[in-house]
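Student: Input query-v6.pdb, format and content: PDB, C-alpha atoms and all ligand atoms.
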```pdb
ATOM      1  CA  MET A1403      -1.608 -45.308  -3.131
ATOM      2  CA  LYS A1404      -2.609 -46.725  -6.526
ATOM      3  CA  LEU A1405      -5.524 -49.057  -7.142
ATOM      4  CA  GLN A1406      -6.545 -50.014 -10.676
ATOM      5  CA  THR A1407      -6.946 -47.072 -13.011
ATOM      6  CA  PRO A1408      -7.907 -48.618 -16.356
ATOM      7  CA  SER A1409      -9.111 -45.397 -17.918
ATOM      8  CA  THR A1410      -9.247 -41.721 -17.117
ATOM      9  CA  SER A1411     -11.220 -40.666 -14.074
ATOM     10  CA  LEU A1412     -14.002 -39.093 -16.124
ATOM     11  CA  GLU A1413     -14.389 -42.195 -18.294
ATOM     12  CA  MET A1414     -14.620 -44.242 -15.109
ATOM     13  CA  LEU A1415     -17.257 -41.828 -13.839
ATOM     14  CA  GLU A1416     -19.471 -42.122 -16.941
ATOM     15  CA  LYS A1417     -19.278 -45.907 -16.801
ATOM     16  CA  ARG A1418     -20.026 -46.048 -13.096
ATOM     17  CA  LEU A1419     -23.031 -43.710 -13.388
ATOM     18  CA  VAL A1420     -24.559 -46.101 -15.933
ATOM     19  CA  GLU A1421     -23.968 -49.034 -13.567
ATOM     20  CA  LEU A1422     -25.459 -47.208 -10.591
ATOM     21  CA  ILE A1423     -28.741 -46.418 -12.406
ATOM     22  CA  PRO A1424     -29.388 -49.670 -14.260
ATOM     23  CA  LYS A1425     -32.187 -50.055 -16.787
ATOM     24  CA  GLU A1426     -35.252 -51.359 -14.951
ATOM     25  CA  GLY A1427     -37.920 -53.412 -16.647
ATOM     26  CA  GLY A1428     -40.607 -53.280 -13.949
ATOM     27  CA  TYR A1429     -43.783 -51.234 -13.549
ATOM     28  CA  TYR A1430     -41.762 -48.169 -12.592
ATOM     29  CA  SER A1431     -39.147 -48.412 -15.361
ATOM     30  CA  SER A1432     -40.034 -44.861 -16.432
ATOM     31  CA  LEU A1433     -38.431 -43.609 -13.205
ATOM     32  CA  TYR A1434     -35.090 -45.128 -14.177
ATOM     33  CA  ASP A1435     -35.462 -43.913 -17.772
ATOM     34  CA  ALA A1436     -36.120 -40.399 -16.511
ATOM     35  CA  ALA A1437     -33.184 -40.440 -14.078
ATOM     36  CA  ARG A1438     -30.855 -41.739 -16.799
ATOM     37  CA  TYR A1439     -32.129 -39.127 -19.267
ATOM     38  CA  SER A1440     -30.858 -36.322 -17.055
ATOM     39  CA  LEU A1441     -27.902 -37.966 -15.339
ATOM     40  CA  LEU A1442     -26.356 -39.306 -18.534
ATOM     41  CA  SER A1443     -26.956 -36.241 -20.689
ATOM     42  CA  GLY A1444     -23.407 -34.978 -20.396
ATOM     43  CA  GLY A1445     -22.692 -31.823 -18.515
ATOM     44  CA  LYS A1446     -19.276 -30.598 -17.583
ATOM     45  CA  ARG A1447     -18.951 -32.964 -14.609
ATOM     46  CA  LEU A1448     -17.271 -30.117 -12.811
ATOM     47  CA  ARG A1449     -17.927 -31.386  -9.291
ATOM     48  CA  PRO A1450     -16.518 -34.887  -9.980
ATOM     49  CA  GLN A1451     -13.527 -33.265 -11.692
ATOM     50  CA  LEU A1452     -12.890 -31.242  -8.542
ATOM     51  CA  ILE A1453     -13.079 -34.369  -6.384
ATOM     52  CA  PHE A1454     -10.591 -36.179  -8.630
ATOM     53  CA  ALA A1455      -8.266 -33.179  -8.692
ATOM     54  CA  VAL A1456      -8.225 -32.870  -4.894
ATOM     55  CA  ALA A1457      -7.657 -36.614  -4.600
ATOM     56  CA  GLU A1458      -4.688 -36.286  -6.937
ATOM     57  CA  ALA A1459      -3.324 -33.308  -4.979
ATOM     58  CA  LEU A1460      -3.497 -35.397  -1.798
ATOM     59  CA  ASP A1461      -2.102 -38.561  -3.367
ATOM     60  CA  CYS A1462      -5.335 -40.533  -3.102
ATOM     61  CA  ASP A1463      -6.291 -43.067  -5.786
ATOM     62  CA  PRO A1464      -9.175 -41.892  -8.029
ATOM     63  CA  ALA A1465     -10.922 -45.272  -7.629
ATOM     64  CA  ILE A1466     -11.494 -44.390  -3.957
ATOM     65  CA  VAL A1467     -13.436 -41.234  -4.800
ATOM     66  CA  LEU A1468     -15.333 -42.671  -7.781
ATOM     67  CA  ASP A1469     -18.595 -43.515  -6.008
ATOM     68  CA  PRO A1470     -18.565 -40.333  -3.892
ATOM     69  CA  ALA A1471     -18.093 -38.379  -7.164
ATOM     70  CA  CYS A1472     -21.133 -40.193  -8.628
ATOM     71  CA  ALA A1473     -23.155 -39.330  -5.516
ATOM     72  CA  ILE A1474     -22.362 -35.617  -5.848
ATOM     73  CA  GLU A1475     -23.233 -35.657  -9.555
ATOM     74  CA  MET A1476     -26.592 -37.257  -8.635
ATOM     75  CA  ILE A1477     -27.295 -34.486  -6.129
ATOM     76  CA  HIS A1478     -26.274 -31.856  -8.686
ATOM     77  CA  THR A1479     -28.494 -33.432 -11.372
ATOM     78  CA  TYR A1480     -31.491 -33.639  -9.038
ATOM     79  CA  SER A1481     -31.009 -29.961  -8.163
ATOM     80  CA  MET A1482     -30.975 -29.046 -11.876
ATOM     81  CA  ILE A1483     -34.120 -31.124 -12.592
ATOM     82  CA  HIS A1484     -36.012 -29.378  -9.801
ATOM     83  CA  ASP A1485     -34.488 -25.961 -10.631
ATOM     84  CA  ASP A1486     -35.864 -26.214 -14.188
ATOM     85  CA  LEU A1487     -39.444 -27.079 -13.153
ATOM     86  CA  PRO A1488     -42.228 -24.627 -14.043
ATOM     87  CA  CYS A1489     -42.686 -23.776 -10.336
ATOM     88  CA  MET A1490     -38.992 -22.778 -10.147
ATOM     89  CA  ASP A1491     -37.072 -21.336 -13.131
ATOM     90  CA  ASP A1492     -39.413 -22.819 -15.733
ATOM     91  CA  ASP A1493     -36.663 -23.661 -18.215
ATOM     92  CA  ASP A1494     -37.124 -25.899 -21.230
ATOM     93  CA  LEU A1495     -33.516 -26.566 -22.226
ATOM     94  CA  ARG A1496     -30.710 -28.159 -20.193
ATOM     95  CA  ARG A1497     -27.407 -29.588 -21.414
ATOM     96  CA  GLY A1498     -28.542 -28.998 -24.978
ATOM     97  CA  ILE A1499     -31.691 -31.139 -24.767
ATOM     98  CA  PRO A1500     -35.258 -30.511 -23.539
ATOM     99  CA  THR A1501     -35.548 -30.418 -19.760
ATOM    100  CA  LEU A1502     -36.791 -33.574 -18.069
ATOM    101  CA  HIS A1503     -40.294 -32.290 -17.325
ATOM    102  CA  LYS A1504     -40.729 -31.336 -21.008
ATOM    103  CA  VAL A1505     -40.148 -34.960 -22.022
ATOM    104  CA  PHE A1506     -41.422 -37.039 -19.079
ATOM    105  CA  GLY A1507     -43.896 -34.611 -17.486
ATOM    106  CA  GLU A1508     -43.670 -32.684 -14.239
ATOM    107  CA  ALA A1509     -44.646 -35.464 -11.841
ATOM    108  CA  LEU A1510     -42.003 -37.845 -13.120
ATOM    109  CA  ALA A1511     -39.387 -35.061 -13.172
ATOM    110  CA  LEU A1512     -40.142 -34.372  -9.526
ATOM    111  CA  LEU A1513     -39.894 -38.059  -8.656
ATOM    112  CA  ALA A1514     -36.738 -38.623 -10.710
ATOM    113  CA  GLY A1515     -35.167 -35.751  -8.749
ATOM    114  CA  ASP A1516     -36.318 -37.351  -5.486
ATOM    115  CA  PHE A1517     -34.876 -40.671  -6.627
ATOM    116  CA  LEU A1518     -31.448 -39.248  -7.516
ATOM    117  CA  LEU A1519     -31.322 -37.391  -4.203
ATOM    118  CA  THR A1520     -32.149 -40.542  -2.236
ATOM    119  CA  HIS A1521     -29.952 -42.794  -4.323
ATOM    120  CA  ALA A1522     -26.905 -40.564  -3.762
ATOM    121  CA  TYR A1523     -26.930 -41.463  -0.052
ATOM    122  CA  LYS A1524     -27.283 -45.168  -0.807
ATOM    123  CA  VAL A1525     -24.277 -44.924  -3.105
ATOM    124  CA  LEU A1526     -22.271 -43.204  -0.369
ATOM    125  CA  ALA A1527     -23.322 -45.698   2.295
ATOM    126  CA  GLU A1528     -22.242 -48.577   0.042
ATOM    127  CA  ALA A1529     -19.101 -46.969  -1.403
ATOM    128  CA  PRO A1530     -16.149 -49.355  -1.576
ATOM    129  CA  HIS A1531     -12.661 -48.490  -0.279
ATOM    130  CA  LEU A1532     -13.954 -46.135   2.449
ATOM    131  CA  ASP A1533     -14.157 -46.905   6.158
ATOM    132  CA  LEU A1534     -17.296 -46.232   8.201
ATOM    133  CA  GLN A1535     -15.998 -42.980   9.621
ATOM    134  CA  GLN A1536     -15.221 -41.622   6.173
ATOM    135  CA  LYS A1537     -18.681 -42.579   4.913
ATOM    136  CA  ILE A1538     -20.408 -40.938   7.859
ATOM    137  CA  ALA A1539     -18.300 -37.793   7.417
ATOM    138  CA  MET A1540     -19.228 -37.637   3.711
ATOM    139  CA  ILE A1541     -22.926 -38.256   4.357
ATOM    140  CA  GLN A1542     -22.942 -35.573   7.043
ATOM    141  CA  THR A1543     -21.006 -33.102   4.865
ATOM    142  CA  LEU A1544     -23.256 -33.614   1.856
ATOM    143  CA  ALA A1545     -26.481 -33.510   3.878
ATOM    144  CA  SER A1546     -25.435 -30.239   5.549
ATOM    145  CA  LEU A1547     -24.043 -28.486   2.524
ATOM    146  CA  SER A1548     -26.806 -29.488   0.102
ATOM    147  CA  GLY A1549     -29.551 -29.124   2.725
ATOM    148  CA  GLY A1550     -31.571 -26.341   4.336
ATOM    149  CA  ASP A1551     -28.523 -24.367   5.490
ATOM    150  CA  GLY A1552     -26.798 -25.003   2.166
ATOM    151  CA  MET A1553     -27.935 -25.497  -1.423
ATOM    152  CA  ILE A1554     -31.660 -25.754  -0.723
ATOM    153  CA  GLY A1555     -31.555 -22.678   1.520
ATOM    154  CA  GLY A1556     -29.843 -20.808  -1.315
ATOM    155  CA  GLN A1557     -32.495 -21.919  -3.783
ATOM    156  CA  VAL A1558     -35.174 -20.644  -1.402
ATOM    157  CA  ILE A1559     -33.577 -17.181  -1.202
ATOM    158  CA  ASP A1560     -33.229 -17.273  -4.990
ATOM    159  CA  ILE A1561     -36.908 -17.959  -5.692
ATOM    160  CA  THR A1562     -38.241 -15.676  -2.951
ATOM    161  CA  THR A1563     -36.190 -12.749  -4.298
ATOM    162  CA  THR A1564     -36.967 -13.360  -7.983
ATOM    163  CA  GLY A1565     -37.971 -10.153  -9.704
ATOM    164  CA  LYS A1566     -37.076  -8.051  -6.655
ATOM    165  CA  PRO A1567     -34.112  -5.737  -6.106
ATOM    166  CA  VAL A1568     -31.557  -7.498  -3.916
ATOM    167  CA  SER A1569     -28.531  -6.171  -2.014
ATOM    168  CA  ARG A1570     -25.058  -7.415  -2.852
ATOM    169  CA  GLU A1571     -24.878  -9.065   0.562
ATOM    170  CA  ILE A1572     -28.027 -11.111  -0.003
ATOM    171  CA  LEU A1573     -26.917 -11.986  -3.518
ATOM    172  CA  GLU A1574     -23.569 -13.188  -2.195
ATOM    173  CA  THR A1575     -25.262 -15.354   0.429
ATOM    174  CA  THR A1576     -27.576 -16.812  -2.206
ATOM    175  CA  HIS A1577     -24.698 -17.725  -4.523
ATOM    176  CA  LEU A1578     -22.533 -19.132  -1.743
ATOM    177  CA  LEU A1579     -25.389 -21.373  -0.650
ATOM    178  CA  LYS A1580     -27.048 -22.419  -3.897
ATOM    179  CA  THR A1581     -23.818 -23.099  -5.805
ATOM    180  CA  GLY A1582     -20.833 -22.701  -3.462
ATOM    181  CA  ALA A1583     -21.971 -25.251  -0.896
ATOM    182  CA  LEU A1584     -22.090 -28.233  -3.280
ATOM    183  CA  ILE A1585     -18.759 -27.252  -4.803
ATOM    184  CA  ALA A1586     -17.322 -27.001  -1.266
ATOM    185  CA  SER A1587     -18.600 -30.521  -0.534
ATOM    186  CA  SER A1588     -16.881 -31.762  -3.687
ATOM    187  CA  LEU A1589     -13.506 -30.491  -2.497
ATOM    188  CA  LEU A1590     -14.188 -31.811   0.998
ATOM    189  CA  PHE A1591     -14.980 -35.265  -0.415
ATOM    190  CA  GLY A1592     -11.511 -35.400  -1.959
ATOM    191  CA  GLY A1593     -10.007 -34.412   1.387
ATOM    192  CA  LEU A1594     -12.094 -36.864   3.424
ATOM    193  CA  ALA A1595     -11.248 -39.753   1.092
ATOM    194  CA  ALA A1596      -7.547 -38.912   1.401
ATOM    195  CA  GLY A1597      -7.748 -38.745   5.215
ATOM    196  CA  ALA A1598      -6.734 -35.049   5.228
ATOM    197  CA  ASP A1599      -6.183 -33.232   8.552
ATOM    198  CA  SER A1600      -8.625 -30.635   9.871
ATOM    199  CA  ASP A1601      -6.583 -27.625   8.640
ATOM    200  CA  THR A1602      -6.567 -29.017   5.111
ATOM    201  CA  LEU A1603     -10.308 -29.738   5.293
ATOM    202  CA  LYS A1604     -10.964 -26.175   6.454
ATOM    203  CA  SER A1605      -8.897 -24.833   3.606
ATOM    204  CA  LEU A1606     -10.679 -27.083   1.050
ATOM    205  CA  ARG A1607     -14.040 -25.876   2.301
ATOM    206  CA  ASN A1608     -13.008 -22.216   1.896
ATOM    207  CA  ILE A1609     -11.567 -22.788  -1.551
ATOM    208  CA  GLY A1610     -14.800 -24.556  -2.550
ATOM    209  CA  PHE A1611     -16.979 -21.647  -1.446
ATOM    210  CA  GLN A1612     -14.691 -19.111  -3.177
ATOM    211  CA  LEU A1613     -14.679 -21.069  -6.422
ATOM    212  CA  GLY A1614     -18.405 -21.779  -6.201
ATOM    213  CA  LEU A1615     -19.194 -18.095  -5.788
ATOM    214  CA  ALA A1616     -16.885 -17.234  -8.694
ATOM    215  CA  TYR A1617     -18.526 -19.966 -10.779
ATOM    216  CA  GLN A1618     -22.031 -18.598 -10.203
ATOM    217  CA  VAL A1619     -20.908 -14.990 -10.851
ATOM    218  CA  VAL A1620     -19.535 -16.112 -14.232
ATOM    219  CA  ASP A1621     -22.708 -18.158 -14.845
ATOM    220  CA  ASP A1622     -24.780 -14.999 -14.344
ATOM    221  CA  VAL A1623     -22.643 -13.116 -16.876
ATOM    222  CA  LEU A1624     -22.807 -15.981 -19.381
ATOM    223  CA  ASP A1625     -26.585 -16.069 -18.928
ATOM    224  CA  GLN A1626     -26.613 -12.638 -20.595
ATOM    225  CA  THR A1627     -23.786 -12.947 -23.066
ATOM    226  CA  SER A1628     -23.346 -16.500 -24.250
ATOM    227  CA  GLU A1629     -25.197 -18.217 -27.070
ATOM    228  CA  GLU A1630     -27.791 -20.821 -26.254
ATOM    229  CA  LYS A1631     -26.140 -23.354 -28.562
ATOM    230  CA  ARG A1632     -22.816 -23.195 -26.779
ATOM    231  CA  ARG A1633     -24.199 -23.514 -23.247
ATOM    232  CA  GLY A1634     -27.066 -25.900 -23.873
ATOM    233  CA  LYS A1635     -29.431 -23.751 -21.857
ATOM    234  CA  LYS A1636     -31.504 -20.721 -22.782
ATOM    235  CA  GLU A1637     -29.890 -17.326 -23.075
ATOM    236  CA  GLY A1638     -31.169 -14.519 -20.889
ATOM    237  CA  PRO A1639     -33.683 -16.110 -18.475
ATOM    238  CA  ASP A1640     -32.293 -14.149 -15.489
ATOM    239  CA  GLN A1641     -32.958 -10.885 -17.308
ATOM    240  CA  ALA A1642     -36.344 -12.080 -18.528
ATOM    241  CA  HIS A1643     -37.355 -12.892 -14.929
ATOM    242  CA  GLY A1644     -36.040  -9.543 -13.671
ATOM    243  CA  ASN A1645     -33.539 -11.305 -11.408
ATOM    244  CA  THR A1646     -30.798  -9.418  -9.640
ATOM    245  CA  THR A1647     -27.497 -11.077 -10.484
ATOM    246  CA  TYR A1648     -23.866  -9.983 -10.288
ATOM    247  CA  ALA A1649     -24.183  -9.058 -13.954
ATOM    248  CA  THR A1650     -27.162  -6.766 -13.384
ATOM    249  CA  LEU A1651     -25.779  -5.371 -10.103
ATOM    250  CA  LEU A1652     -22.184  -4.624 -11.146
ATOM    251  CA  GLY A1653     -22.220  -4.906 -14.941
ATOM    252  CA  ASN A1654     -20.490  -7.711 -16.787
ATOM    253  CA  GLU A1655     -16.970  -6.305 -16.639
ATOM    254  CA  LYS A1656     -16.916  -5.690 -12.897
ATOM    255  CA  ALA A1657     -18.648  -8.987 -12.216
ATOM    256  CA  LEU A1658     -15.930 -10.835 -14.147
ATOM    257  CA  ALA A1659     -13.210  -8.847 -12.351
ATOM    258  CA  TYR A1660     -14.754  -9.933  -9.037
ATOM    259  CA  ALA A1661     -14.680 -13.574 -10.180
ATOM    260  CA  GLU A1662     -10.980 -13.115 -11.023
ATOM    261  CA  ASP A1663     -10.307 -11.759  -7.503
ATOM    262  CA  LEU A1664     -11.997 -14.799  -5.993
ATOM    263  CA  LEU A1665      -9.980 -17.072  -8.276
ATOM    264  CA  GLU A1666      -6.725 -15.413  -7.237
ATOM    265  CA  GLU A1667      -7.550 -15.996  -3.558
ATOM    266  CA  ALA A1668      -8.481 -19.608  -4.237
ATOM    267  CA  LEU A1669      -5.259 -20.224  -6.186
ATOM    268  CA  LYS A1670      -3.210 -18.839  -3.292
ATOM    269  CA  ASP A1671      -5.010 -21.122  -0.853
ATOM    270  CA  ILE A1672      -4.545 -24.137  -3.128
ATOM    271  CA  GLN A1673      -0.759 -23.657  -2.929
ATOM    272  CA  THR A1674      -0.883 -23.988   0.861
ATOM    273  CA  PHE A1675      -2.096 -27.561   1.156
ATOM    274  CA  SER A1676      -0.342 -29.442  -1.621
ATOM    275  CA  THR A1677       2.562 -29.160  -4.010
ATOM    276  CA  GLN A1678       0.855 -31.622  -6.385
ATOM    277  CA  ASN A1679      -1.823 -29.078  -7.135
ATOM    278  CA  GLN A1680      -1.388 -28.473 -10.865
ATOM    279  CA  LYS A1681      -4.594 -30.164 -11.999
ATOM    280  CA  LEU A1682      -6.665 -28.518  -9.290
ATOM    281  CA  SER A1683      -5.194 -25.102 -10.080
ATOM    282  CA  GLU A1684      -5.834 -25.535 -13.808
ATOM    283  CA  LEU A1685      -9.382 -26.645 -13.110
ATOM    284  CA  ALA A1686      -9.960 -23.615 -10.860
ATOM    285  CA  VAL A1687      -8.776 -21.324 -13.661
ATOM    286  CA  SER A1688     -10.908 -23.102 -16.265
ATOM    287  CA  LEU A1689     -14.100 -22.873 -14.257
ATOM    288  CA  VAL A1690     -13.771 -19.109 -13.924
ATOM    289  CA  ARG A1691     -12.367 -18.315 -17.390
ATOM    290  CA  ARG A1692     -14.975 -20.278 -19.325
ATOM    291  CA  SER A1693     -17.318 -19.579 -22.190
ATOM    292  CA  LYS A1694     -20.077 -22.120 -21.409
TER     293      LYS A1694
HETATM  294  C1  LIG A1701     -25.255 -25.305 -13.580
HETATM  295  O1  LIG A1701     -24.229 -26.149 -13.163
HETATM  296  C2  LIG A1701     -25.847 -24.618 -12.406
HETATM  297  C3  LIG A1701     -24.930 -23.724 -11.710
HETATM  298  C4  LIG A1701     -24.585 -23.931 -10.491
HETATM  299  C5  LIG A1701     -24.419 -22.545 -12.372
HETATM  300  P1  LIG A1701     -23.134 -26.643 -14.206
HETATM  301  O2  LIG A1701     -22.633 -25.457 -14.980
HETATM  302  O3  LIG A1701     -22.115 -27.432 -13.490
HETATM  303  O4  LIG A1701     -24.004 -27.542 -15.172
HETATM  304  P2  LIG A1701     -23.647 -28.863 -15.987
HETATM  305  O5  LIG A1701     -23.564 -29.978 -14.989
HETATM  306  O6  LIG A1701     -22.341 -28.650 -16.702
HETATM  307  O7  LIG A1701     -24.793 -29.036 -16.932
HETATM  308  C1  LIG A1702     -28.848 -23.121 -10.089
HETATM  309  O1  LIG A1702     -28.737 -21.798 -10.331
HETATM  310  C2  LIG A1702     -28.331 -23.519  -8.739
HETATM  311  C3  LIG A1702     -28.909 -24.801  -8.281
HETATM  312  C4  LIG A1702     -29.748 -25.536  -8.937
HETATM  313  C5  LIG A1702     -28.544 -25.289  -6.990
HETATM  314  P1  LIG A1702     -29.351 -21.267 -11.711
HETATM  315  O2  LIG A1702     -30.824 -21.369 -11.712
HETATM  316  O3  LIG A1702     -28.758 -19.942 -11.984
HETATM  317  O4  LIG A1702     -28.730 -22.319 -12.728
HETATM  318  P2  LIG A1702     -29.074 -22.445 -14.272
HETATM  319  O5  LIG A1702     -28.760 -21.109 -14.895
HETATM  320  O6  LIG A1702     -30.518 -22.811 -14.359
HETATM  321  O7  LIG A1702     -28.157 -23.537 -14.741
HETATM  322 MG    MG A1703     -32.371 -21.235 -10.357
HETATM  323 MG    MG A1704     -32.052 -22.192 -13.294
HETATM  324 MG    MG A1705     -28.225 -19.203 -14.126
END
```
What does the file become when written as structure tokens?
Tutor:
Amino acid sequence: MKLQTPSTSLEMLEKRLVELIPKEGGYYSSLYDAARYSLLSGGKRLRPQLIFAVAEALDCDPAIVLDPACAIEMIHTYSMIHDDLPCMDDDDLRRGIPTLHKVFGEALALLAGDFLLTHAYKVLAEAPHLDLQQKIAMIQTLASLSGGDGMIGGQVIDITTTGKPVSREILETTHLLKTGALIASSLLFGGLAAGADSDTLKSLRNIGFQLGLAYQVVDDVLDQTSEEKRRGKKEGPDQAHGNTTYATLLGNEKALAYAEDLLEEALKDIQTFSTQNQKLSELAVSLVRRSK
């Protein structure tokens, strides 16, 4: 099915994000300014890219997944804003610019995060091209996977274990929840928009968790090895906070080898649900073999 595709999916995404958070002139315009500061500050747009790639693999028009992709990027951005706050990771650089609380203050950063989180569900509820069942399935998927038994649960384990020695099992659970769950919802969104069957959805969910875990393992290694300029966030905060990560637990080389094993599994699984999987496979490779 092809609707209008005037530009590439990522160009469409950037344009749509601007439309969805319009400039507001009222008494609370600073809320919109703050949300736009973080949401429109670039970033790899990995989760939207995954949604578009799954849509392509399942022969679904990118215009159908555009608003769902924006909703996931809003959830991701809110999680980064809150993750950077002084009460969490206390970071002052994100996507190459000062973190939101450094520029707008902590209270507004908290509220801008709340706003993006809330707005994501409005965007999903109002998304064009989707029927009611698809919208409800997406809302339910996102609420579960980014909620208490998903991303937020993972963030809680992360902060309550900061500075403490952690077993590999706990570390794996933390990574699967804090990062894997939102990546799994991204793949599921592509499947739900395409009307995929339950076996395909199950497979997409597994691939998402595998890739999400691999992504966070590589992120932990890059935290120690990559330059601040290239990544747009500070080098070495995990080490500085005494955090257990895959890099500290296994060493960089073994951690990267583990990420490669996860990638190999994911690539095998990707072959099973679509023959049009080239973009998704390339994306999977690029998110594990990355330098930023
Ligand atoms: C950063 O996410 C947090 C992790 C889950 C490792 P991204 O690496 O996707 O960050 P942006 O969106 O490109 O800034
Ligand atoms: C972030 O993990 C995961 C979420 C916000 C859900 P990190 O704390 O490791 O991410 P960075 O290193 O700040 O990007
Ligand atoms: Mg964190
Ligand atoms: Mg952090
Ligand atoms: Mg990190």
Student: For ligand MG 1704 (chain A), list the contacting residues at 8 Å or closer, counting all atoms listed in the file, as number ranges by chain.
Tutor: A: 1482, 1485-1486, 1490-1493
Student: Which residues of chain A sit at most 9 Å from ligand LIG 1701 (chain A), using all atoms listed in the file? Give each one's shortest atom pair and distance in Å (one decimal place), in chain and ascending residue order, as CSV.
Tutor:
```
residue,atom,partner,partner_atom,distance
A:Ser1443,CA,A:LIG1701,O7,8.4
A:Gly1444,CA,A:LIG1701,O7,7.0
A:Gly1445,CA,A:LIG1701,O6,3.7
A:Lys1446,CA,A:LIG1701,O6,3.7
A:Arg1447,CA,A:LIG1701,O5,5.5
A:Leu1448,CA,A:LIG1701,O3,5.6
A:Arg1449,CA,A:LIG1701,O3,7.1
A:Glu1475,CA,A:LIG1701,O5,7.9
A:His1478,CA,A:LIG1701,O5,7.1
A:Thr1479,CA,A:LIG1701,O5,7.0
A:Ser1481,CA,A:LIG1701,C2,8.6
A:Met1482,CA,A:LIG1701,C2,6.8
A:Asp1485,CA,A:LIG1701,C2,8.9
A:Arg1496,CA,A:LIG1701,O7,6.8
A:Arg1497,CA,A:LIG1701,O7,5.2
A:Gly1498,CA,A:LIG1701,O7,8.9
A:His1577,CA,A:LIG1701,C4,8.6
A:Lys1580,CA,A:LIG1701,C4,7.2
A:Thr1581,CA,A:LIG1701,C4,4.8
A:Gly1582,CA,A:LIG1701,C4,8.1
A:Leu1584,CA,A:LIG1701,C4,8.8
A:Ile1585,CA,A:LIG1701,C4,8.8
A:Gly1614,CA,A:LIG1701,C4,7.8
A:Tyr1617,CA,A:LIG1701,C5,6.6
A:Gln1618,CA,A:LIG1701,C5,5.1
A:Val1619,CA,A:LIG1701,C5,8.5
A:Val1620,CA,A:LIG1701,C5,8.3
A:Asp1621,CA,A:LIG1701,C5,5.3
A:Asp1622,CA,A:LIG1701,C5,7.8
A:Arg1633,CA,A:LIG1701,O7,8.4
A:Gly1634,CA,A:LIG1701,O7,7.9
A:Lys1635,CA,A:LIG1701,O7,8.6
A:Leu1689,CA,A:LIG1701,O2,8.9
A:Lys1694,CA,A:LIG1701,O2,7.7
```
Student: Using the chain letters and numbering of this document, enumerate as JSON, numbers by chain the residues selected by the PyMOL selection byres (((chain A and resi 1623-1632) around 12) and not hetatm).
Tutor: {"A": [1445, 1494, 1495, 1496, 1497, 1498, 1499, 1616, 1617, 1618, 1619, 1620, 1621, 1622, 1633, 1634, 1635, 1636, 1637, 1638, 1639, 1640, 1641, 1642, 1643, 1645, 1646, 1647, 1648, 1649, 1650, 1651, 1652, 1653, 1654, 1655, 1656, 1657, 1658, 1659, 1660, 1661, 1690, 1691, 1692, 1693, 1694]}
Student: Which one is closest to ligand LIG 1702 (chain A): A:Ala1598, A:Leu1573, A:Leu1534, A:Leu1606? Count all atoms listed in the file.
Tutor: A:Leu1573
Student: Within 10 Å of segment 1414-1438 of chain A, which residues of segment 1444-1559 of chain A come that close, and what is the closest atom pair and distance in Å for each? Count all atoms listed in the file and give it as a tab-separated table.
Tutor:
```
residue	atom	partner	partner_atom	distance
A:Gly1444	CA	A:Glu1416	CA	8.9
A:Arg1447	CA	A:Leu1415	CA	9.1
A:Pro1450	CA	A:Leu1415	CA	8.0
A:Gln1451	CA	A:Leu1415	CA	9.6
A:Pro1464	CA	A:Met1414	CA	9.2
A:Ala1465	CA	A:Met1414	CA	8.4
A:Val1467	CA	A:Leu1415	CA	9.8
A:Leu1468	CA	A:Leu1415	CA	6.4
A:Asp1469	CA	A:Arg1418	CA	7.7
A:Ala1471	CA	A:Leu1415	CA	7.6
A:Cys1472	CA	A:Leu1419	CA	6.2
A:Ala1473	CA	A:Leu1419	CA	9.0
A:Glu1475	CA	A:Leu1419	CA	8.9
A:Met1476	CA	A:Leu1419	CA	8.8
A:Thr1479	CA	A:Ala1437	CA	8.9
A:Tyr1480	CA	A:Ala1437	CA	8.6
A:Ile1483	CA	A:Ala1437	CA	9.5
A:Leu1502	CA	A:Ala1436	CA	7.0
A:His1503	CA	A:Ala1436	CA	9.2
A:Val1505	CA	A:Ala1436	CA	8.7
A:Phe1506	CA	A:Ala1436	CA	6.8
A:Gly1507	CA	A:Ala1436	CA	9.7
A:Leu1510	CA	A:Leu1433	CA	6.8
A:Ala1511	CA	A:Ala1436	CA	7.1
A:Leu1513	CA	A:Leu1433	CA	7.3
A:Ala1514	CA	A:Ala1437	CA	5.2
A:Gly1515	CA	A:Ala1437	CA	7.4
A:Asp1516	CA	A:Ala1437	CA	9.7
A:Phe1517	CA	A:Ala1437	CA	7.6
A:Leu1518	CA	A:Ala1437	CA	6.9
A:His1521	CA	A:Leu1422	CA	8.9
A:Ala1522	CA	A:Leu1422	CA	9.6
A:Val1525	CA	A:Leu1422	CA	7.9
```
Student: Select, from A:Ser1605, A:Gln1678, A:Thr1576, A:Thr1410, the residue with the minimum atom-to-atom distance to ligand LIG 1702 (chain A), counting only C-alpha atoms and all ligand atoms.
Tutor: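 Answer, going by the shortest atom-to-atom distance: A:Thr1576.
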Student: Please write the residues picked by the PyMOL selection byres (((chain A and resi 1613) around 7) and not hetatm) on this file as a PyMOL selection string.
Tutor: chain A and resi 1609-1612+1614-1617+1664-1665+1668+1686
Student: Measure the distance from atom CA of Ala1527 of chain A to atom CA of Gly1550 of chain A in Å and round it to one decimal.
Tutor: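 Value for the atom CA of Ala1527 of chain A-atom CA of Gly1550 of chain A distance: 21.1 Å.
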Student: Tell me which of A:Met1553, A:Ile1474, A:Leu1685, A:Ile1538 sits closest to ligand MG 1703 (chain A), counting only C-alpha atoms and all ligand atoms.
Tutor: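 Ranked by minimum distance to ligand MG 1703 (chain A), first place goes to A:Met1553.
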Student: Just give me the gap between atom CA of Ser1411 of chain A and atom CA of Ile1554 of chain A in Å, one decimal is fine.
Tutor: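 Rounded to one decimal, the two atoms are 28.6 Å apart.
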Student: Quick check, in Å to one decimal: how far apart do atom O1 of ligand LIG 1702 (chain A) and atom CA of Ile1572 of chain A lie?
Tutor: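 Atom CA of Ile1572 of chain A lies at a distance of 14.9 Å from atom O1 of ligand LIG 1702 (chain A).
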